[in-house]
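Asker: Structure file run.tsv (TSV, C-alpha atoms) is given on the next line.
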chain	number	residue	atom	x	y	z
V	15	MET	CA	77.23	107.10	118.70
V	16	LYS	CA	74.46	109.57	118.03
V	17	VAL	CA	75.73	113.09	118.66
V	18	GLU	CA	73.43	115.47	120.48
V	19	ALA	CA	76.09	118.13	121.02
V	20	ALA	CA	79.41	118.84	119.29
V	21	ASN	CA	81.16	122.05	120.12
V	22	TYR	CA	84.33	123.82	121.23
V	23	PHE	CA	85.18	124.81	124.76
V	24	LYS	CA	87.69	127.58	125.47
V	25	THR	CA	90.13	126.73	128.26
V	26	SER	CA	91.45	129.20	130.81
V	27	ASP	CA	94.69	129.53	128.82
V	28	GLY	CA	92.87	130.18	125.56
V	29	GLU	CA	92.91	126.83	123.76
V	30	GLN	CA	89.83	125.50	121.97
V	31	ILE	CA	88.97	121.91	122.94
V	32	PHE	CA	86.63	120.00	120.66
V	33	TYR	CA	84.17	117.65	122.31
V	34	SER	CA	81.05	115.63	121.53
V	35	THR	CA	78.30	114.21	123.74
V	36	ASN	CA	75.30	111.99	123.17
V	37	PHE	CA	73.26	114.20	125.47
V	38	LYS	CA	72.29	117.86	125.68
V	39	SER	CA	73.51	119.79	128.69
V	40	ASP	CA	69.99	120.49	129.89
V	41	GLU	CA	69.34	116.73	130.00
V	42	LEU	CA	72.13	116.13	132.55
V	43	LYS	CA	70.98	115.31	136.07
V	44	GLU	CA	72.94	116.01	139.25
V	45	ASP	CA	73.69	112.33	139.89
V	46	ASP	CA	74.38	111.27	136.27
V	47	ASN	CA	77.65	109.46	135.68
V	48	VAL	CA	79.24	110.27	132.33
V	49	LEU	CA	81.58	107.91	130.49
V	50	MET	CA	84.65	109.93	129.45
V	51	PHE	CA	86.87	108.22	126.88
V	52	ASN	CA	90.61	108.99	126.63
V	53	TYR	CA	92.52	107.59	123.66
V	54	GLY	CA	96.17	106.57	123.46
V	55	LEU	CA	99.41	107.97	122.10
V	56	VAL	CA	98.72	109.69	118.73
V	57	CYS	CA	95.51	107.69	118.43
V	58	SER	CA	91.94	108.93	118.05
V	59	ASN	CA	88.39	108.21	119.15
V	60	HIS	CA	88.20	105.76	116.25
V	61	HIS	CA	89.83	103.28	118.66
V	62	TRP	CA	86.64	103.53	120.75
V	63	SER	CA	84.16	103.18	117.89
V	64	LYS	CA	82.71	99.84	119.02
V	65	GLN	CA	82.46	100.99	122.64
V	66	LEU	CA	80.77	104.26	121.72
V	67	GLU	CA	78.17	102.45	119.65
V	68	PHE	CA	77.49	99.85	122.36
V	69	PHE	CA	77.27	102.16	125.37
V	70	ASP	CA	75.23	104.74	123.49
V	71	HIS	CA	72.74	101.99	122.65
V	72	GLN	CA	72.71	100.93	126.33
V	73	GLY	CA	71.66	104.43	127.36
V	74	TYR	CA	74.88	105.63	129.01
V	75	LYS	CA	75.80	109.30	128.81
V	76	ILE	CA	79.06	109.72	126.90
V	77	LEU	CA	81.63	112.47	126.47
V	78	ILE	CA	84.48	112.24	123.97
V	79	HIS	CA	87.05	114.94	123.36
V	80	ASP	CA	90.20	115.75	121.42
V	81	TYR	CA	93.21	116.56	123.59
V	82	ARG	CA	94.85	119.93	123.07
V	83	GLY	CA	97.04	119.77	119.96
V	84	HIS	CA	94.98	116.90	118.50
V	85	TYR	CA	92.70	116.97	115.44
V	86	GLN	CA	89.97	119.58	115.89
V	87	SER	CA	91.37	121.06	119.11
V	88	THR	CA	93.93	123.86	119.06
V	89	GLY	CA	97.29	123.93	120.80
V	90	LYS	CA	99.57	122.23	118.30
V	91	ASN	CA	101.72	125.34	118.07
V	92	GLU	CA	102.39	125.17	121.82
V	93	LEU	CA	103.92	121.71	122.06
V	94	THR	CA	105.52	122.27	125.46
V	95	LYS	CA	102.05	122.94	126.91
V	96	ILE	CA	100.71	119.56	125.76
V	97	THR	CA	101.26	117.80	129.08
V	98	PHE	CA	99.19	115.37	131.11
V	99	GLU	CA	98.67	118.08	133.71
V	100	ASN	CA	97.26	120.50	131.14
V	101	ILE	CA	95.16	117.82	129.43
V	102	ALA	CA	93.68	116.84	132.81
V	103	SER	CA	92.99	120.51	133.57
V	104	ASP	CA	91.23	120.86	130.21
V	105	MET	CA	89.05	117.88	131.12
V	106	LYS	CA	88.21	119.39	134.51
V	107	GLU	CA	87.25	122.71	132.95
V	108	LEU	CA	85.18	120.89	130.33
V	109	CYS	CA	83.32	118.96	133.05
V	110	ASP	CA	82.65	122.21	134.90
V	111	HIS	CA	81.43	123.82	131.69
V	112	LEU	CA	78.98	120.99	131.04
V	113	GLY	CA	77.92	120.62	134.67
V	114	ILE	CA	79.29	117.08	135.00
V	115	LYS	CA	79.69	116.00	138.64
V	116	SER	CA	80.61	112.34	138.16
V	117	THR	CA	82.62	110.49	135.52
V	118	THR	CA	83.89	107.07	134.65
V	119	GLN	CA	87.35	107.62	133.23
V	120	ILE	CA	88.12	105.13	130.46
V	121	GLY	CA	91.68	105.21	129.14
V	122	HIS	CA	93.70	103.19	126.67
V	123	SER	CA	97.53	103.15	126.62
V	124	MET	CA	98.55	106.82	127.13
V	125	GLY	CA	94.91	107.47	128.02
V	126	VAL	CA	95.59	105.50	131.21
V	127	ASN	CA	98.09	108.18	132.22
V	128	VAL	CA	95.53	110.86	131.42
V	129	ALA	CA	92.81	109.11	133.43
V	130	LEU	CA	95.09	108.56	136.44
V	131	GLU	CA	96.30	112.16	136.39
V	132	PHE	CA	92.68	113.33	136.37
V	133	ALA	CA	91.79	110.95	139.23
V	134	ARG	CA	94.80	112.07	141.25
V	135	ARG	CA	93.81	115.72	141.04
V	136	TRP	CA	90.00	115.50	141.14
V	137	PRO	CA	89.01	112.21	142.83
V	138	GLU	CA	85.59	113.64	143.68
V	139	LEU	CA	84.77	113.66	139.95
V	140	VAL	CA	85.74	110.01	139.33
V	141	SER	CA	83.35	107.21	140.29
V	142	ASN	CA	85.09	104.45	138.32
V	143	MET	CA	88.12	103.91	136.11
V	144	VAL	CA	88.73	101.50	133.24
V	145	LEU	CA	92.44	101.26	132.46
V	146	ILE	CA	93.43	99.38	129.30
V	147	SER	CA	96.98	98.44	128.28
V	148	GLY	CA	98.69	101.26	130.15
V	149	THR	CA	101.96	101.79	131.98
V	150	VAL	CA	102.87	103.87	135.02
V	151	VAL	CA	106.61	103.29	134.75
V	152	PRO	CA	108.91	105.06	132.24
V	153	VAL	CA	107.88	103.90	128.80
V	154	TYR	CA	111.42	104.02	127.41
V	155	ASN	CA	112.39	101.11	129.63
V	156	ILE	CA	109.52	98.76	128.88
V	157	MET	CA	107.95	99.37	125.45
V	158	PHE	CA	108.13	96.17	123.38
V	159	ASN	CA	109.72	94.63	126.49
V	160	THR	CA	113.07	96.24	125.63
V	161	ASN	CA	114.80	99.59	126.00
V	162	ILE	CA	114.79	100.08	122.22
V	163	THR	CA	112.65	103.24	122.52
V	164	ASP	CA	115.30	104.81	124.76
V	165	GLN	CA	117.94	104.06	122.13
V	166	LEU	CA	115.96	105.08	119.05
V	167	SER	CA	114.19	108.24	120.20
V	168	PRO	CA	117.26	110.54	120.32
V	169	THR	CA	118.31	109.40	116.83
V	170	LEU	CA	114.82	109.92	115.40
V	171	ILE	CA	114.56	113.37	116.96
V	172	LYS	CA	117.90	114.33	115.38
V	173	LEU	CA	116.68	113.09	111.99
V	174	LEU	CA	113.48	115.11	112.39
V	175	LYS	CA	115.46	118.27	113.13
V	176	ARG	CA	117.94	117.67	110.32
V	177	PHE	CA	115.49	116.54	107.62
V	178	PRO	CA	112.11	117.91	108.76
V	179	ASN	CA	110.37	117.85	105.38
V	180	ILE	CA	111.39	114.29	104.53
V	181	PHE	CA	110.62	113.01	108.03
V	182	GLU	CA	107.20	114.65	108.15
V	183	ASN	CA	106.24	113.44	104.67
V	184	VAL	CA	107.13	109.85	105.58
V	185	TRP	CA	105.11	110.25	108.78
V	186	LYS	CA	102.14	111.85	107.04
V	187	TYR	CA	101.79	109.29	104.26
V	188	GLY	CA	102.58	106.15	106.27
V	189	GLY	CA	99.04	104.94	105.74
V	190	TRP	CA	99.88	104.38	102.07
V	191	ASN	CA	102.87	102.15	102.84
V	192	PRO	CA	101.88	98.45	102.76
V	193	VAL	CA	105.01	97.35	104.65
V	194	LEU	CA	104.36	99.79	107.48
V	195	LYS	CA	100.70	98.78	107.61
V	196	LYS	CA	101.69	95.14	107.96
V	197	LEU	CA	104.23	95.92	110.71
V	198	ILE	CA	101.70	97.95	112.72
V	199	HIS	CA	98.99	95.36	112.16
V	200	SER	CA	101.10	92.45	113.42
V	201	GLY	CA	102.87	94.42	116.12
V	202	GLY	CA	99.94	96.04	117.92
V	203	PHE	CA	96.74	94.26	116.88
V	204	ASN	CA	95.28	90.77	116.58
V	205	VAL	CA	95.57	90.19	112.83
V	206	LYS	CA	92.81	87.57	112.90
V	207	THR	CA	90.19	89.91	114.31
V	208	VAL	CA	91.18	93.42	113.19
V	209	PRO	CA	90.80	94.23	109.45
V	210	GLU	CA	93.51	96.06	107.51
V	211	GLU	CA	91.07	98.91	106.86
V	212	PHE	CA	91.17	99.75	110.56
V	213	ILE	CA	94.99	100.01	110.42
V	214	GLU	CA	94.83	102.28	107.39
V	215	ILE	CA	92.41	104.64	109.17
V	216	TYR	CA	94.66	104.59	112.24
V	217	LEU	CA	97.81	105.44	110.25
V	218	ASN	CA	96.07	108.17	108.25
V	219	ARG	CA	94.83	109.85	111.43
V	220	LEU	CA	98.24	109.45	113.04
V	221	GLY	CA	99.68	111.19	109.98
V	222	GLN	CA	97.52	114.24	110.69
V	223	LEU	CA	99.18	114.79	114.05
V	224	GLY	CA	102.85	114.90	113.08
V	225	PRO	CA	105.99	113.44	114.64
V	226	GLU	CA	106.69	116.42	116.93
V	227	LEU	CA	103.55	115.69	118.93
V	228	PHE	CA	104.47	112.01	119.17
V	229	PHE	CA	107.87	112.79	120.68
V	230	GLN	CA	106.38	115.35	123.07
V	231	LEU	CA	103.82	112.87	124.39
V	232	ILE	CA	106.07	109.84	124.61
V	233	GLU	CA	108.39	111.98	126.72
V	234	GLN	CA	105.39	112.82	128.92
V	235	MET	CA	104.74	109.09	129.32
V	236	ASN	CA	108.37	108.53	130.17
V	237	LYS	CA	108.47	111.07	132.98
V	238	HIS	CA	104.92	110.84	134.35
V	239	ASP	CA	105.31	110.71	138.13
V	240	ILE	CA	102.20	108.78	139.17
V	241	LEU	CA	103.37	105.40	140.48
V	242	SER	CA	103.98	106.46	144.07
V	243	PHE	CA	100.56	108.13	144.20
V	244	LEU	CA	98.54	105.09	143.10
V	245	PRO	CA	97.82	103.80	146.65
V	246	LYS	CA	96.03	107.09	147.34
V	247	ILE	CA	93.61	106.61	144.42
V	248	LYS	CA	90.72	104.75	146.06
V	249	THR	CA	88.43	104.72	143.03
V	250	ASN	CA	87.10	101.37	141.80
V	251	ALA	CA	89.16	100.36	138.78
V	252	LEU	CA	88.96	97.67	136.12
V	253	VAL	CA	92.40	97.01	134.64
V	254	ILE	CA	92.39	95.30	131.23
V	255	GLY	CA	95.25	93.85	129.22
V	256	GLY	CA	95.71	91.52	126.28
V	257	ASP	CA	97.77	88.42	127.03
V	258	GLN	CA	99.53	88.86	123.66
V	259	ASP	CA	100.31	92.57	124.10
V	260	LYS	CA	103.66	93.14	122.37
V	261	VAL	CA	103.76	96.88	123.13
V	262	ILE	CA	103.17	97.10	126.90
V	263	PRO	CA	104.11	93.90	128.83
V	264	ASN	CA	101.39	92.40	131.01
V	265	TYR	CA	103.34	92.66	134.23
V	266	LEU	CA	102.54	96.37	134.13
V	267	GLN	CA	98.84	95.62	134.42
V	268	LYS	CA	99.64	93.43	137.42
V	269	LEU	CA	101.59	96.35	138.89
V	270	LEU	CA	98.47	98.51	138.63
V	271	ILE	CA	96.44	95.84	140.43
V	272	LYS	CA	99.04	95.69	143.17
V	273	GLU	CA	99.27	99.44	143.73
V	274	LEU	CA	95.65	100.56	143.25
V	275	PRO	CA	93.63	99.69	146.40
V	276	ASN	CA	90.36	98.84	144.61
V	277	ALA	CA	91.37	97.37	141.27
V	278	LYS	CA	90.40	94.20	139.39
V	279	LEU	CA	92.20	92.57	136.47
V	280	TYR	CA	90.64	91.28	133.26
V	281	LEU	CA	93.23	89.60	131.03
V	282	VAL	CA	91.97	89.02	127.49
V	283	ARG	CA	93.04	85.79	125.85
V	284	ASN	CA	94.66	86.43	122.44
V	285	GLY	CA	94.24	90.15	123.06
V	286	SER	CA	96.83	92.59	121.73
V	287	HIS	CA	97.69	96.11	122.84
V	288	VAL	CA	94.17	97.14	121.79
V	289	PRO	CA	91.84	94.44	123.19
V	290	GLN	CA	88.86	96.78	122.84
V	291	VAL	CA	89.44	96.64	119.08
V	292	ASP	CA	90.33	92.93	118.94
V	293	PHE	CA	87.31	91.68	120.89
V	294	PRO	CA	84.80	94.51	121.31
V	295	LEU	CA	81.92	92.25	122.33
V	296	PHE	CA	83.82	90.71	125.24
V	297	ILE	CA	85.23	94.06	126.36
V	298	ASN	CA	81.87	95.83	126.15
V	299	GLU	CA	80.09	93.16	128.15
V	300	ARG	CA	82.85	93.15	130.79
V	301	LEU	CA	82.77	96.95	131.10
V	302	ASP	CA	78.98	96.94	131.31
V	303	LEU	CA	79.08	94.41	134.15
V	304	PHE	CA	81.72	96.45	135.98
V	305	LEU	CA	79.74	99.67	135.61
V	306	LYS	CA	76.43	98.15	136.70
V	307	GLU	CA	77.58	95.84	139.48
V	308	GLY	CA	81.09	96.96	140.35
V	309	VAL	CA	82.57	93.49	139.74
I'd like the structure from this file rewritten - as structure tokens, please.

Answerer:
Amino acid sequence: MKVEAANYFKTSDGEQIFYSTNFKSDELKEDDNVLMFNYGLVCSNHHWSKQLEFFDHQGYKILIHDYRGHYQSTGKNELTKITFENIASDMKELCDHLGIKSTTQIGHSMGVNVALEFARRWPELVSNMVLISGTVVPVYNIMFNTNITDQLSPTLIKLLKRFPNIFENVWKYGGWNPVLKKLIHSGGFNVKTVPEEFIEIYLNRLGQLGPELFFQLIEQMNKHDILSFLPKIKTNALVIGGDQDKVIPNYLQKLLIKELPNAKLYLVRNGSHVPQVDFPLFINERLDLFLKEGV
């Protein structure tokens, strides 16, 4: 998207949050609705590249940001403070700073947790939600439709503590490993529609963040207490999932539809865990229809 403003915002606890908009603050009107994109677990705004281009061209106002501890934002040295509650608070303070009164929260995977936490705490700031490939139940029990994450995580954390340099080097340079690239490509994406170059960019950006942040955030996903609150979130929501999602099973999207009072489901044929990357044209047109007509 074209960037009209890119800057840092200082939070109330002293962290610097990087953000970009396609509008200047003095262009924002009282009733403007701003699309706020929230990426997934150790992902980046690169996962939204086709949506940012499309909705910018359509004339929507857009805000993207880096969570605390991610990329150009500070906070990586305070891992225990990188929580969904603090990320949501950062978003609220950023909206206040920019004078934003209405948002559409768009989240993918872990970004669904972020969007729901924001909507739970500040419903008056959320006009719509788009929730893609997320889960509101403990991730350890359902990821890849097994409890393998629950079994592997303690072992991996022990290895990280025992061999930090080796572990972090493997993590950092994973984008150079052709075997790992192939595993990620086939495990989380539609290999027929997503080029290998996209996977390499994803792995290289993941390598910037480090394994400690991954384990902190996956634990946040595992213990996020939001399920019982969903019936109280009245915001219109479009829930999207890929019917070939190997990471987060589709019954979790159906759970969201059941628990959210005003939610609709869009299941993408041959879509993976990242349908917005697999089939950007279909996703963009569906989101545009939802935003304009509420259907």

Asker: Just the residues within 8 Å of V:Arg219, please, counting only C-alpha atoms, with nothing from its chain fewer than 4 positions along; format it as number ranges by chain.

Answerer: V: 57-58, 215, 223

Asker: Which residues are close to stretch 293-302 of chain V, i.e. within 12 Å by only C-alpha atoms, leaving aside same-chain residues fewer than 3 positions away? Reply as a ChimeraX atom specification.

Answerer: /V:49,61-74,118-120,142-146,203-208,251-256,278-290,305-309

Asker: Can you work out the spacing between atom CA of V:Lys272 and atom CA of V:Lys248 in Å, to one decimal?

Answerer: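 So the answer is 12.6 Å.
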
Asker: Could you check which of V:Phe32, V:Leu220, V:Ile247, V:Phe37 is closest to V:Glu18, using all atoms listed in the file?

Answerer: V:Phe37

Asker: For a quick check of understanding, using all atoms listed in the file, which of V:Ala133, V:Val153, V:Leu217, V:Val48 has the smallest distance to V:Lys115?

Answerer: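 Nearest to V:Lys115: V:Val48.
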
Asker: For V:Lys95, which residue out of V:Val291, V:Leu77, V:Leu231, V:Leu274 is the nearest one, using only C-alpha atoms?

Answerer: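 Using only C-alpha atoms, the shortest distance to V:Lys95 belongs to V:Leu231.
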
Asker: Between V:Lys196, V:Lys268, V:Tyr53, V:Gly113, which one has atoms that come closest to V:Glu41, using all atoms listed in the file?

Answerer: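 Smallest distance to V:Glu41 is found for V:Gly113.
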
Asker: Scan for residues within 12 Å of the point (94.8, 123.1, 130.2) in the coordinates of the file, using all atoms listed in the file, and reply as a PyMOL selection string.

Answerer: chain V and resi 23-31+81-83+87-89+92+94-108+132

Asker: What is the distance between atom CA of V:Asn264 and atom CA of V:Ser123, in Å to one decimal?

Answerer: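 Straight-line distance from atom CA of V:Asn264 to atom CA of V:Ser123 works out to 12.2 Å.
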
Asker: Nearest residue to V:Ile232 out of V:Leu112, V:Met15, V:Thr149, V:Thr117, using only C-alpha atoms?

Answerer: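 For V:Ile232, the nearest of the given residues is V:Thr149.
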
Asker: Can you pull out the residues contacting V:Pro152? Cut-off 7 Å, using all atoms listed in the file, and skip same-chain residues under 6 positions away; I want them as a PyMOL selection string.

Answerer: chain V and resi 235-237

Asker: Would you work out the distance separating atom CA of V:Ser34 from atom CA of V:Ala19, expressed in Å to one decimal?

Answerer: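 Pair atom CA of V:Ser34 / atom CA of V:Ala19 returns 5.6 Å.
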
Asker: I need the residue nearest V:Asn155 from this list: V:Leu266, V:Cys109, V:Leu93, V:Ala277. Use all atoms listed in the file for the distance.

Answerer: V:Leu266
